[in-house]
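Heads up, protein_27.csv below (CSV, C-alpha atoms):
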```
chain,number,residue,atom,x,y,z
M,758,MET,CA,112.8,105.7,81.2
M,759,SER,CA,115.6,104.0,79.3
M,760,VAL,CA,118.1,101.9,81.3
M,761,PRO,CA,120.2,98.8,80.5
M,762,ASP,CA,118.8,95.4,81.4
M,763,HIS,CA,121.8,94.4,83.6
M,764,GLU,CA,121.3,95.6,87.2
M,765,LEU,CA,118.2,97.5,86.1
M,766,LEU,CA,116.8,98.1,89.6
M,767,VAL,CA,120.0,99.3,91.1
M,768,GLN,CA,120.5,101.7,88.2
M,769,MET,CA,117.0,103.1,88.6
M,770,LEU,CA,117.5,103.5,92.4
M,771,ALA,CA,120.5,105.6,91.6
M,772,GLU,CA,118.2,108.2,90.1
M,773,ILE,CA,116.4,108.9,93.4
M,774,PRO,CA,117.2,112.4,94.5
M,775,ASP,CA,119.2,112.8,97.7
M,776,PRO,CA,117.4,114.9,100.3
M,777,ARG,CA,120.5,115.4,102.5
M,778,ARG,CA,122.9,118.3,102.5
M,779,ARG,CA,125.9,117.2,100.3
M,780,ARG,CA,128.6,118.2,102.8
M,781,GLY,CA,129.7,115.1,104.7
M,782,VAL,CA,127.5,112.7,102.9
M,783,ARG,CA,129.4,109.4,102.6
M,784,HIS,CA,127.1,107.1,100.7
M,785,PRO,CA,124.9,107.6,97.5
M,786,VAL,CA,121.2,107.4,98.3
M,787,GLY,CA,120.7,104.7,95.6
M,788,ALA,CA,123.2,102.4,97.3
M,789,LEU,CA,121.6,102.9,100.7
M,790,ILE,CA,118.2,102.0,99.3
M,791,ALA,CA,119.7,99.0,97.5
M,792,VAL,CA,121.3,97.8,100.7
M,793,SER,CA,118.0,98.2,102.6
M,794,VAL,CA,116.1,96.2,100.0
M,795,CYS,CA,118.6,93.4,100.4
M,796,ALA,CA,118.2,93.5,104.2
M,797,VAL,CA,114.4,93.3,103.8
M,798,VAL,CA,114.8,90.4,101.4
M,799,ALA,CA,116.7,88.7,104.2
M,800,GLY,CA,113.9,89.3,106.6
M,801,ALA,CA,114.7,92.7,108.2
M,802,ARG,CA,111.6,94.5,109.5
M,803,GLY,CA,113.0,97.8,110.6
M,804,PHE,CA,116.1,100.1,110.9
M,805,THR,CA,117.8,98.1,113.6
M,806,ALA,CA,117.6,94.9,111.7
M,807,ILE,CA,118.8,96.6,108.5
M,808,GLY,CA,121.7,98.1,110.3
M,809,GLU,CA,122.6,94.6,111.7
M,810,TRP,CA,122.4,93.1,108.3
M,811,VAL,CA,124.8,95.8,106.9
M,812,ARG,CA,127.3,95.2,109.8
M,813,ASP,CA,127.3,91.5,109.1
M,814,ALA,CA,127.5,91.7,105.3
M,815,GLY,CA,131.1,92.7,105.1
M,816,SER,CA,132.9,95.3,103.0
M,817,ALA,CA,133.1,93.1,99.8
M,818,ALA,CA,129.4,92.6,99.8
M,819,LEU,CA,128.6,96.2,100.4
M,820,GLU,CA,130.9,97.3,97.6
M,821,ARG,CA,128.8,95.2,95.2
M,822,LEU,CA,125.9,97.5,96.1
M,823,GLY,CA,127.8,100.7,95.8
M,824,LEU,CA,128.8,101.3,99.4
M,825,GLU,CA,132.5,101.8,98.8
M,826,ARG,CA,133.2,103.7,102.0
M,827,GLY,CA,132.3,101.1,104.5
M,828,GLY,CA,129.1,100.3,106.5
M,829,VAL,CA,126.2,102.6,107.4
M,830,ASP,CA,124.6,102.9,110.8
M,831,GLU,CA,120.9,102.7,111.6
M,832,SER,CA,120.6,106.5,112.4
M,833,THR,CA,121.7,107.4,108.9
M,834,LEU,CA,119.0,105.2,107.3
M,835,ARG,CA,116.4,106.6,109.8
M,836,ARG,CA,117.1,110.2,108.9
M,837,LEU,CA,117.3,109.5,105.1
M,838,PHE,CA,114.1,107.6,104.9
M,839,ALA,CA,112.2,110.2,106.9
M,840,ARG,CA,113.1,112.8,104.3
M,841,LEU,CA,113.2,110.7,101.1
M,842,ASP,CA,110.9,111.7,98.2
M,843,ALA,CA,108.5,108.8,98.7
M,844,ASP,CA,106.5,109.7,95.6
M,845,ARG,CA,109.6,109.4,93.4
M,846,LEU,CA,110.7,106.2,95.1
M,847,ASP,CA,107.3,104.5,94.6
M,848,THR,CA,107.3,105.6,90.9
M,849,VAL,CA,110.7,104.2,90.2
M,850,LEU,CA,109.9,100.9,91.9
M,851,GLY,CA,106.6,100.7,90.1
M,852,VAL,CA,108.2,101.4,86.7
M,853,TRP,CA,110.8,98.7,87.3
M,854,ALA,CA,108.2,96.1,88.4
M,855,LEU,CA,106.2,96.8,85.3
M,856,THR,CA,109.2,96.1,83.0
M,857,ARG,CA,109.6,92.8,84.7
M,858,THR,CA,105.9,91.6,84.8
M,859,ALA,CA,104.8,89.6,81.8
M,860,ARG,CA,101.3,89.7,80.4
M,861,VAL,CA,99.0,86.7,80.8
M,862,ALA,CA,97.1,85.5,77.7
M,863,GLY,CA,98.0,88.8,76.0
M,864,ARG,CA,96.6,91.0,78.8
M,865,ARG,CA,97.8,92.4,82.2
M,866,VAL,CA,95.1,92.3,84.9
M,867,VAL,CA,95.8,94.7,87.9
M,868,ALA,CA,94.1,94.8,91.2
M,869,ILE,CA,93.8,98.2,93.1
M,870,ASP,CA,93.3,98.3,96.9
M,871,GLY,CA,94.3,100.2,100.0
M,872,LYS,CA,95.9,99.3,103.3
M,873,THR,CA,96.5,101.3,106.5
M,874,VAL,CA,100.0,101.0,108.1
M,875,ARG,CA,98.5,100.9,111.6
M,876,GLY,CA,101.7,100.9,113.6
M,877,ALA,CA,102.7,104.2,112.2
M,878,ARG,CA,99.9,106.0,114.0
M,879,GLY,CA,101.3,108.3,116.8
M,880,GLY,CA,101.9,111.8,118.0
M,881,GLY,CA,98.4,112.9,117.1
M,882,SER,CA,98.9,112.0,113.4
M,883,ALA,CA,96.8,109.4,111.5
M,884,ALA,CA,98.4,106.2,110.3
M,885,PRO,CA,99.3,106.4,106.6
M,886,HIS,CA,96.9,104.7,104.2
M,887,LEU,CA,98.6,103.4,101.1
M,888,VAL,CA,96.9,102.3,97.8
M,889,ALA,CA,98.7,99.7,95.8
M,890,ALA,CA,98.5,98.0,92.4
M,891,LEU,CA,99.1,94.3,92.2
M,892,ALA,CA,99.4,92.2,89.0
M,893,HIS,CA,97.1,89.2,89.0
M,894,GLY,CA,98.9,85.9,88.9
M,895,ALA,CA,102.4,87.3,89.1
M,896,GLY,CA,101.8,88.9,92.5
M,897,THR,CA,104.2,91.8,91.7
M,898,VAL,CA,103.5,95.3,93.0
M,899,LEU,CA,103.3,97.8,90.2
M,900,GLY,CA,102.8,101.0,92.2
M,901,GLN,CA,101.8,102.6,95.4
M,902,VAL,CA,100.5,106.1,96.5
M,903,ALA,CA,99.6,107.6,99.8
M,904,VAL,CA,96.1,108.9,100.6
M,905,SER,CA,96.2,112.5,101.7
M,906,GLU,CA,95.3,113.1,105.4
M,907,LYS,CA,92.1,115.1,104.6
M,908,SER,CA,91.0,112.9,101.7
M,909,ASN,CA,90.1,109.3,101.0
M,910,GLU,CA,91.1,106.3,98.9
M,911,ILE,CA,89.1,107.2,95.8
M,912,PRO,CA,91.3,110.1,94.5
M,913,ALA,CA,94.4,108.3,95.6
M,914,ALA,CA,93.4,105.3,93.5
M,915,ARG,CA,92.9,107.6,90.5
M,916,GLU,CA,96.3,109.1,91.0
M,917,LEU,CA,97.8,105.6,91.0
M,918,LEU,CA,95.9,104.7,87.9
M,919,GLN,CA,97.4,107.7,86.1
M,920,LEU,CA,100.9,106.5,86.9
M,921,LEU,CA,100.2,103.1,85.3
M,922,HIS,CA,100.4,102.3,81.6
M,923,LEU,CA,96.8,101.1,81.2
M,924,ASP,CA,96.6,100.5,77.5
M,925,GLY,CA,95.3,96.9,77.1
M,926,VAL,CA,95.2,96.5,80.9
M,927,VAL,CA,92.2,95.2,82.9
M,928,VAL,CA,91.7,96.9,86.3
M,929,THR,CA,89.7,95.2,89.1
M,930,MET,CA,88.5,97.3,92.0
M,931,ASP,CA,86.1,96.8,94.9
M,932,ALA,CA,82.8,98.5,95.4
M,933,LEU,CA,84.3,101.7,96.9
M,934,HIS,CA,85.7,102.6,93.5
M,935,THR,CA,82.6,102.0,91.4
M,936,GLN,CA,82.6,105.6,90.4
M,937,HIS,CA,81.9,107.2,87.0
M,938,ASP,CA,85.1,109.3,87.0
M,939,THR,CA,87.2,106.3,87.7
M,940,ALA,CA,85.7,104.3,84.9
M,941,THR,CA,86.2,107.2,82.5
M,942,LEU,CA,89.8,107.5,83.5
M,943,ILE,CA,90.5,103.8,82.8
M,944,THR,CA,88.8,103.6,79.5
M,945,GLY,CA,90.3,107.0,78.4
M,946,ALA,CA,93.7,105.5,79.0
M,947,GLY,CA,92.9,102.4,76.8
M,948,GLY,CA,92.2,100.0,79.6
M,949,ASP,CA,89.1,98.0,80.8
M,950,TYR,CA,87.6,97.9,84.2
M,951,VAL,CA,85.7,95.4,86.3
M,952,LEU,CA,83.8,97.2,89.1
M,953,THR,CA,81.8,95.6,91.8
M,954,VAL,CA,78.4,96.7,93.0
M,955,LYS,CA,77.3,95.6,96.5
M,956,ALA,CA,74.2,96.2,98.7
M,957,ASN,CA,75.8,99.4,100.2
M,958,GLN,CA,75.2,101.1,96.9
M,959,LYS,CA,71.4,100.7,97.4
M,960,THR,CA,70.0,102.4,94.3
M,961,LEU,CA,72.4,100.9,91.7
M,962,TYR,CA,72.3,97.5,93.4
M,963,SER,CA,68.5,97.4,93.3
M,964,GLN,CA,68.4,98.4,89.7
M,965,LEU,CA,70.9,95.7,88.7
M,966,LYS,CA,69.1,93.1,90.9
M,967,ALA,CA,65.8,93.8,89.0
M,968,LEU,CA,67.3,92.7,85.7
M,969,PRO,CA,65.7,89.4,84.4
M,970,TRP,CA,68.4,87.1,85.8
M,971,ALA,CA,66.0,84.1,86.1
M,972,SER,CA,66.0,83.8,82.3
M,973,ILE,CA,69.8,84.1,81.9
M,974,PRO,CA,71.9,81.0,81.5
M,975,ALA,CA,74.5,80.5,84.2
M,976,VAL,CA,78.1,79.3,84.3
M,977,THR,CA,79.0,77.5,87.5
M,978,ARG,CA,82.2,76.3,89.0
M,979,THR,CA,82.9,74.6,92.4
M,980,ASP,CA,86.2,74.7,94.2
M,981,ARG,CA,87.2,72.8,97.4
M,982,GLY,CA,90.0,73.7,99.7
M,983,HIS,CA,90.8,75.0,103.2
M,984,GLY,CA,87.9,73.0,104.7
M,985,ARG,CA,85.2,74.6,102.6
M,986,ARG,CA,83.4,74.2,99.3
M,987,THR,CA,82.8,77.4,97.2
M,988,THR,CA,80.4,77.4,94.3
M,989,ARG,CA,80.4,80.5,92.0
M,990,THR,CA,77.6,81.0,89.6
M,991,VAL,CA,77.9,83.8,87.0
M,992,LYS,CA,75.3,85.2,84.7
M,993,VAL,CA,76.1,87.9,82.1
M,994,VAL,CA,73.9,90.3,80.1
M,995,ASP,CA,74.6,93.2,77.7
M,996,VAL,CA,74.6,96.5,79.5
M,997,PRO,CA,71.3,98.3,79.7
M,998,ALA,CA,71.0,101.7,78.1
M,999,TRP,CA,70.5,103.4,81.5
M,1000,VAL,CA,73.9,102.4,82.8
M,1001,GLU,CA,76.0,105.5,82.3
M,1002,PHE,CA,79.5,104.1,83.2
M,1003,SER,CA,82.0,105.0,80.4
M,1004,GLY,CA,82.4,102.2,77.9
M,1005,ALA,CA,80.3,99.7,79.9
M,1006,THR,CA,79.4,96.6,77.8
M,1007,GLN,CA,78.4,93.9,80.2
M,1008,ILE,CA,76.6,93.4,83.5
M,1009,ALA,CA,77.2,90.3,85.5
M,1010,GLN,CA,75.6,88.7,88.6
M,1011,LEU,CA,78.1,86.7,90.7
M,1012,ARG,CA,76.6,84.4,93.3
M,1013,ARG,CA,79.0,82.8,95.8
M,1014,THR,CA,77.8,79.9,97.9
M,1015,VAL,CA,80.3,78.8,100.6
M,1016,THR,CA,79.7,75.7,102.6
M,1017,ARG,CA,81.9,75.1,105.7
M,1018,LYS,CA,81.2,72.5,108.4
M,1019,GLY,CA,77.7,72.1,107.1
M,1020,ARG,CA,76.9,75.8,107.2
M,1021,ARG,CA,76.1,77.6,104.0
M,1022,SER,CA,76.5,81.3,103.3
M,1023,ILE,CA,75.4,83.1,100.1
M,1024,GLU,CA,76.6,86.4,98.7
M,1025,ILE,CA,75.4,88.1,95.5
M,1026,VAL,CA,77.3,90.9,93.9
M,1027,TYR,CA,77.0,92.6,90.6
M,1028,LEU,CA,79.7,93.6,88.2
M,1029,ILE,CA,80.0,96.4,85.6
M,1030,THR,CA,82.7,95.9,83.0
M,1031,SER,CA,83.9,97.6,79.9
M,1032,ALA,CA,85.4,94.3,78.6
M,1033,ASP,CA,83.3,92.8,75.9
M,1034,ALA,CA,81.9,89.3,75.7
M,1035,ARG,CA,84.6,88.2,73.3
M,1036,THR,CA,87.5,89.0,75.7
M,1037,ALA,CA,85.6,88.5,78.9
M,1038,PRO,CA,83.1,85.7,78.8
M,1039,PRO,CA,81.4,84.7,82.1
M,1040,ALA,CA,84.1,82.3,83.2
M,1041,VAL,CA,86.9,84.9,82.6
M,1042,LEU,CA,85.0,87.5,84.5
M,1043,ALA,CA,84.6,85.2,87.5
M,1044,THR,CA,88.3,84.5,87.4
M,1045,TRP,CA,89.2,88.1,87.4
M,1046,VAL,CA,86.9,88.9,90.3
M,1047,GLN,CA,88.2,85.9,92.3
M,1048,SER,CA,91.9,86.9,91.5
M,1049,HIS,CA,91.2,90.4,92.7
M,1050,TRP,CA,91.6,89.2,96.3
M,1051,GLU,CA,95.2,88.2,95.6
M,1052,ILE,CA,96.0,91.8,96.7
M,1053,GLU,CA,94.7,91.0,100.2
M,1054,ASN,CA,96.2,87.5,100.4
M,1055,ARG,CA,99.5,87.9,98.5
M,1056,LEU,CA,100.4,91.5,99.5
M,1057,HIS,CA,98.5,93.0,102.5
M,1058,TRP,CA,98.5,89.7,104.4
M,1059,VAL,CA,102.2,89.2,103.7
M,1060,ARG,CA,103.1,92.7,104.9
M,1061,ASP,CA,100.9,92.3,108.0
M,1062,VAL,CA,101.9,88.8,109.0
M,1063,THR,CA,105.3,88.0,107.5
M,1064,PHE,CA,106.8,91.5,107.9
M,1065,ASP,CA,104.6,92.3,111.0
M,1066,GLU,CA,104.0,95.7,109.4
M,1067,ASP,CA,101.1,96.7,111.6
M,1068,ARG,CA,103.2,96.6,114.7
M,1069,SER,CA,106.2,98.5,113.2
M,1070,GLN,CA,107.1,101.5,115.3
M,1071,ILE,CA,108.6,103.4,112.3
M,1072,ARG,CA,106.6,106.7,112.3
M,1073,THR,CA,108.8,109.7,111.4
M,1074,GLY,CA,108.2,111.6,108.2
M,1075,ASN,CA,108.0,109.5,105.0
M,1076,ALA,CA,109.8,106.5,106.6
M,1077,PRO,CA,106.6,104.3,107.1
M,1078,ARG,CA,105.8,104.7,103.4
M,1079,VAL,CA,109.4,104.1,102.3
M,1080,MET,CA,109.6,100.9,104.4
M,1081,ALA,CA,106.2,99.7,102.9
M,1082,GLY,CA,107.7,100.3,99.5
M,1083,LEU,CA,110.8,98.3,100.4
M,1084,ARG,CA,108.6,95.4,101.6
M,1085,ASN,CA,106.6,95.6,98.3
M,1086,THR,CA,109.9,95.4,96.4
M,1087,ALA,CA,111.1,92.5,98.4
M,1088,ILE,CA,107.8,90.6,97.7
M,1089,THR,CA,108.1,91.5,94.0
M,1090,LEU,CA,111.7,90.3,93.8
M,1091,LEU,CA,110.9,87.0,95.5
M,1092,ARG,CA,107.8,86.4,93.3
M,1093,LEU,CA,109.7,87.0,90.1
M,1094,ASP,CA,112.3,84.5,91.4
M,1095,GLY,CA,109.6,81.9,91.7
M,1096,HIS,CA,109.0,81.9,95.4
M,1097,HIS,CA,105.4,81.3,96.6
M,1098,ASN,CA,105.9,81.2,100.3
M,1099,ILE,CA,107.5,84.5,101.2
M,1100,ALA,CA,108.3,83.6,104.8
M,1101,ALA,CA,110.3,80.6,103.6
M,1102,ALA,CA,112.0,82.7,101.0
M,1103,LEU,CA,113.1,85.3,103.6
M,1104,ARG,CA,114.6,82.5,105.7
M,1105,HIS,CA,116.4,81.1,102.6
M,1106,HIS,CA,117.9,84.5,101.8
M,1107,ALA,CA,118.8,85.2,105.4
M,1108,ARG,CA,121.2,82.2,105.4
M,1109,ASP,CA,123.6,83.6,102.9
M,1110,THR,CA,124.5,87.3,102.4
M,1111,ASP,CA,125.1,86.8,98.7
M,1112,ARG,CA,121.6,85.5,98.0
M,1113,PRO,CA,119.7,88.8,98.4
M,1114,ILE,CA,122.5,90.7,96.7
M,1115,ASN,CA,122.5,88.4,93.7
M,1116,LEU,CA,118.7,88.6,93.5
M,1117,LEU,CA,118.8,92.4,93.5
M,1118,LEU,CA,121.6,92.7,91.0
M,1119,ALA,CA,119.9,90.3,88.6
M,1120,ALA,CA,116.6,92.2,88.8
```

Translate the structure of the given file into structure tokens.
Amino acid sequence: MSVPDHELLVQMLAEIPDPRRRRGVRHPVGALIAVSVCAVVAGARGFTAIGEWVRDAGSAALERLGLERGGVDESTLRRLFARLDADRLDTVLGVWALTRTARVAGRRVVAIDGKTVRGARGGGSAAPHLVAALAHGAGTVLGQVAVSEKSNEIPAARELLQLLHLDGVVVTMDALHTQHDTATLITGAGGDYVLTVKANQKTLYSQLKALPWASIPAVTRTDRGHGRRTTRTVKVVDVPAWVEFSGATQIAQLRRTVTRKGRRSIEIVYLITSADARTAPPAVLATWVQSHWEIENRLHWVRDVTFDEDRSQIRTGNAPRVMAGLRNTAITLLRLDGHHNIAAALRHHARDTDRPINLLLAA
């Protein structure tokens, strides 16, 4: 997709197809999405708050976003988002985020994980479960797909991986996704994987546990913070011949010892990775695994707590997924602008209507 650098996101949003009948349509769909993103950046959590932000913004501000015929009411947004092509919207937002996310030390490391939008459950339908991709370090959201009602997270994650440009990328995933087909998909696209094996995968876990770990040298690091001490010990061996995961080169044992208030807990997991010892020595592997949980702390937690997503009553059609996508975009915009505390950043942008607009137009 080729678009100019200036106002990149706004121009890409203009390519979203409009699901409404054209007769009587006052505002282009791209402008309505852009306005909604700005409102979410200012802290709006739902249609009512977005509508209030639009009313307060004033005509001059709205014209900067492409709304040249005045304001827009809440009901218009509600109907539009329910019918919007959520797949296309998520793809556009992901492509834009990818163009703005730099590689770290020559590589991009991406975490994949799912989250249920619990507040959207109602009327006999299940709450939507969304699988997202987050760039380690940057905290930007690179994509999102929905899990089909009669399916599970595994095929949805593979669908998301196919939307990403994986050449040279490292993908971290939890134990649910330690699947042969997933590994093959990643390596076939030019990427590397770091897959976790836990005790719920009994056979594979037992086989990896039986490797001669006692004779393997360890790399250890201790971190202190949040009232606890965490020691991570990593041991790495070349992959045994019987491991059939595509491109696998190393097996690692990761031992976490957490001490809090005098109580100690120990967890041992195993890793299978296609990254070789040159690009992924023990300390790097440990960092990738630790950073994987940024997707919980810097995305899912922020949507749950800062945006109160799990109590949102938006339930109609595609609207819950669209709103989740707008929250992802707001988080990405703020992270790219250097904000670490998203709640404080929302308050900052709520104090001046021009701030979220300037942020969006500069994206």

Expected residue set, 10 Å radius at (104.1, 106.6, 107.0), all atoms listed in the file, as an mmCIF file with C-alpha atoms, in the frame of the given file:
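What landed in part.cif:
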```
data_model
loop_
_atom_site.group_PDB
_atom_site.id
_atom_site.type_symbol
_atom_site.label_atom_id
_atom_site.label_comp_id
_atom_site.auth_asym_id
_atom_site.auth_seq_id
_atom_site.Cartn_x
_atom_site.Cartn_y
_atom_site.Cartn_z
ATOM 1 C CA ALA M 839 112.200 110.200 106.900
ATOM 2 C CA ALA M 843 108.500 108.800 98.700
ATOM 3 C CA THR M 873 96.500 101.300 106.500
ATOM 4 C CA VAL M 874 100.000 101.000 108.100
ATOM 5 C CA ARG M 875 98.500 100.900 111.600
ATOM 6 C CA GLY M 876 101.700 100.900 113.600
ATOM 7 C CA ALA M 877 102.700 104.200 112.200
ATOM 8 C CA ARG M 878 99.900 106.000 114.000
ATOM 9 C CA SER M 882 98.900 112.000 113.400
ATOM 10 C CA ALA M 883 96.800 109.400 111.500
ATOM 11 C CA ALA M 884 98.400 106.200 110.300
ATOM 12 C CA PRO M 885 99.300 106.400 106.600
ATOM 13 C CA HIS M 886 96.900 104.700 104.200
ATOM 14 C CA LEU M 887 98.600 103.400 101.100
ATOM 15 C CA ALA M 903 99.600 107.600 99.800
ATOM 16 C CA ILE M 1071 108.600 103.400 112.300
ATOM 17 C CA ARG M 1072 106.600 106.700 112.300
ATOM 18 C CA THR M 1073 108.800 109.700 111.400
ATOM 19 C CA GLY M 1074 108.200 111.600 108.200
ATOM 20 C CA ASN M 1075 108.000 109.500 105.000
ATOM 21 C CA ALA M 1076 109.800 106.500 106.600
ATOM 22 C CA PRO M 1077 106.600 104.300 107.100
ATOM 23 C CA ARG M 1078 105.800 104.700 103.400
ATOM 24 C CA VAL M 1079 109.400 104.100 102.300
ATOM 25 C CA MET M 1080 109.600 100.900 104.400
ATOM 26 C CA ALA M 1081 106.200 99.700 102.900
#
```

Selection: 6 Å around segment 965-980 of chain M, only C-alpha atoms, excl. self and same-chain fewer than 6 positions, as a PDB file with C-alpha atoms, in the coordinates of the input:
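Saved the output as result06.pdb:
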```pdb
ATOM      1  CA  ARG M 986      83.400  74.200  99.300  1.00  0.00           C
ATOM      2  CA  THR M 987      82.800  77.400  97.200  1.00  0.00           C
ATOM      3  CA  THR M 988      80.400  77.400  94.300  1.00  0.00           C
ATOM      4  CA  ARG M 989      80.400  80.500  92.000  1.00  0.00           C
ATOM      5  CA  THR M 990      77.600  81.000  89.600  1.00  0.00           C
ATOM      6  CA  VAL M 991      77.900  83.800  87.000  1.00  0.00           C
ATOM      7  CA  LYS M 992      75.300  85.200  84.700  1.00  0.00           C
TER       8      LYS M 992
END
```

Between atom CA of His893 of chain M and atom CA of Thr1006 of chain M, measure the distance and give it in Å to one decimal.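 Atom CA of Thr1006 of chain M lies 22.2 Å from atom CA of His893 of chain M.
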
So what do you get for atom CA of Asp1094 of chain M versus atom CA of Val792 of chain M, distance-wise?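 A separation of 18.6 Å between them.
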
What does the distance from atom CA of Ala1034 of chain M to atom CA of Ile1052 of chain M come to in Å, to one decimal?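 Taking atom CA of Ala1034 of chain M and atom CA of Ile1052 of chain M, their separation equals 25.4 Å.
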
Under the rule that all atoms listed in the file are counted, which of M:Ile943, M:Ala788, M:Ala799, M:Leu822 is the nearest residue to Leu1118 of chain M?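 For Leu1118 of chain M, the nearest of the given residues is M:Leu822.
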
For Ser1048 of chain M: contacts at 9 Å, all atoms listed in the file, fewer than 5 positions along chain excluded, given as a list in words: Ala868, His893, Gly894, Thr929 and Ala1043 of chain M

Give me the residues within 9 Å of Thr1089 of chain M as a list in words, counting only C-alpha atoms and dropping any in the same chain fewer than 6 places off. Ala854, Ala895, Gly896, Thr897, Val898 and Leu899 of chain M

Using only C-alpha atoms, pick whichever of M:Ala1119, M:Leu933, M:Ala956, M:Ala1040 has the shortest atom-to-atom distance to Ile1025 of chain M.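 So, comparing all the options, the nearest one is M:Ala956.
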
For Val926 of chain M, which residue out of M:Arg864, M:Lys1018, M:Arg826, M:Arg1108 is the nearest one, using only C-alpha atoms? M:Arg864

Which of these, M:Leu850, M:Leu1083, M:Leu1028, M:Ala914, has the shortest distance to Lys955 of chain M once you count all atoms listed in the file?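 Using all atoms listed in the file, the shortest distance to Lys955 of chain M belongs to M:Leu1028.
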
Near-Arg1104 of chain M list (12 Å; all atoms listed in the file; drop same-chain fewer than 6 positions) as JSON, numbers by chain: {"M": [796, 797, 798, 799, 800, 801, 1063, 1091, 1096, 1098, 1110, 1112, 1113]}

Near Ser816 of chain M, within 12 Å and counting all atoms listed in the file, which residues show up once chain neighbours fewer than 5 positions away are dropped, as number ranges by chain? M: 810-811, 821-829, 1110

With distances taken over all atoms listed in the file, which of M:Gln919, M:Ser963, M:Thr805, M:Thr939 is nearest to Ser832 of chain M?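 Smallest distance to Ser832 of chain M is found for M:Thr805.
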
Just checking: using all atoms listed in the file, which residue out of M:Val1026, M:Val928, M:Ile1099, M:Val993 ends up closest to Pro1038 of chain M?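 Going through M:Val1026, M:Val928, M:Ile1099, M:Val993 one by one, the smallest distance to Pro1038 of chain M is for M:Val993.
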
List every protein, DNA or RNA residue that has an atom no more than 8 Å from (83.7, 96.0, 97.5) in the file's coordinate frame, counting all atoms listed in the file, and report them as a ChimeraX atom specification. /M:930-934,953-955

Kindly reconstruct segment 909-913 of chain M with all heavy atoms and present the result as a tab-separated table (two decimals), in the frame of the given file.
```
chain	number	residue	atom	x	y	z
M	909	ASN	N	90.41	110.67	100.89
M	909	ASN	CA	90.10	109.30	101.00
M	909	ASN	C	90.71	108.47	99.90
M	909	ASN	O	91.44	109.01	99.09
M	909	ASN	CB	88.55	109.05	101.08
M	909	ASN	CG	87.86	109.57	99.82
M	909	ASN	OD1	88.23	109.23	98.71
M	909	ASN	ND2	86.85	110.41	100.01
M	910	GLU	N	90.38	107.18	99.85
M	910	GLU	CA	91.10	106.30	98.90
M	910	GLU	C	90.72	106.52	97.47
M	910	GLU	O	91.50	106.19	96.57
M	910	GLU	CB	90.74	104.84	99.33
M	910	GLU	CG	91.58	103.79	98.66
M	910	GLU	CD	91.31	102.40	99.21
M	910	GLU	OE1	91.40	102.22	100.44
M	910	GLU	OE2	90.98	101.52	98.40
M	911	ILE	N	89.56	107.11	97.20
M	911	ILE	CA	89.10	107.20	95.80
M	911	ILE	C	90.03	108.11	94.96
M	911	ILE	O	90.51	107.66	93.91
M	911	ILE	CB	87.65	107.75	95.76
M	911	ILE	CG1	86.71	106.68	96.37
M	911	ILE	CG2	87.23	108.06	94.33
M	911	ILE	CD1	85.29	107.16	96.57
M	912	PRO	N	90.33	109.35	95.36
M	912	PRO	CA	91.30	110.10	94.50
M	912	PRO	C	92.67	109.56	94.51
M	912	PRO	O	93.38	109.70	93.50
M	912	PRO	CB	91.23	111.53	95.18
M	912	PRO	CG	90.68	111.33	96.55
M	912	PRO	CD	89.77	110.16	96.46
M	913	ALA	N	93.09	108.91	95.59
M	913	ALA	CA	94.40	108.30	95.60
M	913	ALA	C	94.49	107.17	94.57
M	913	ALA	O	95.50	107.02	93.87
M	913	ALA	CB	94.74	107.76	97.00
```
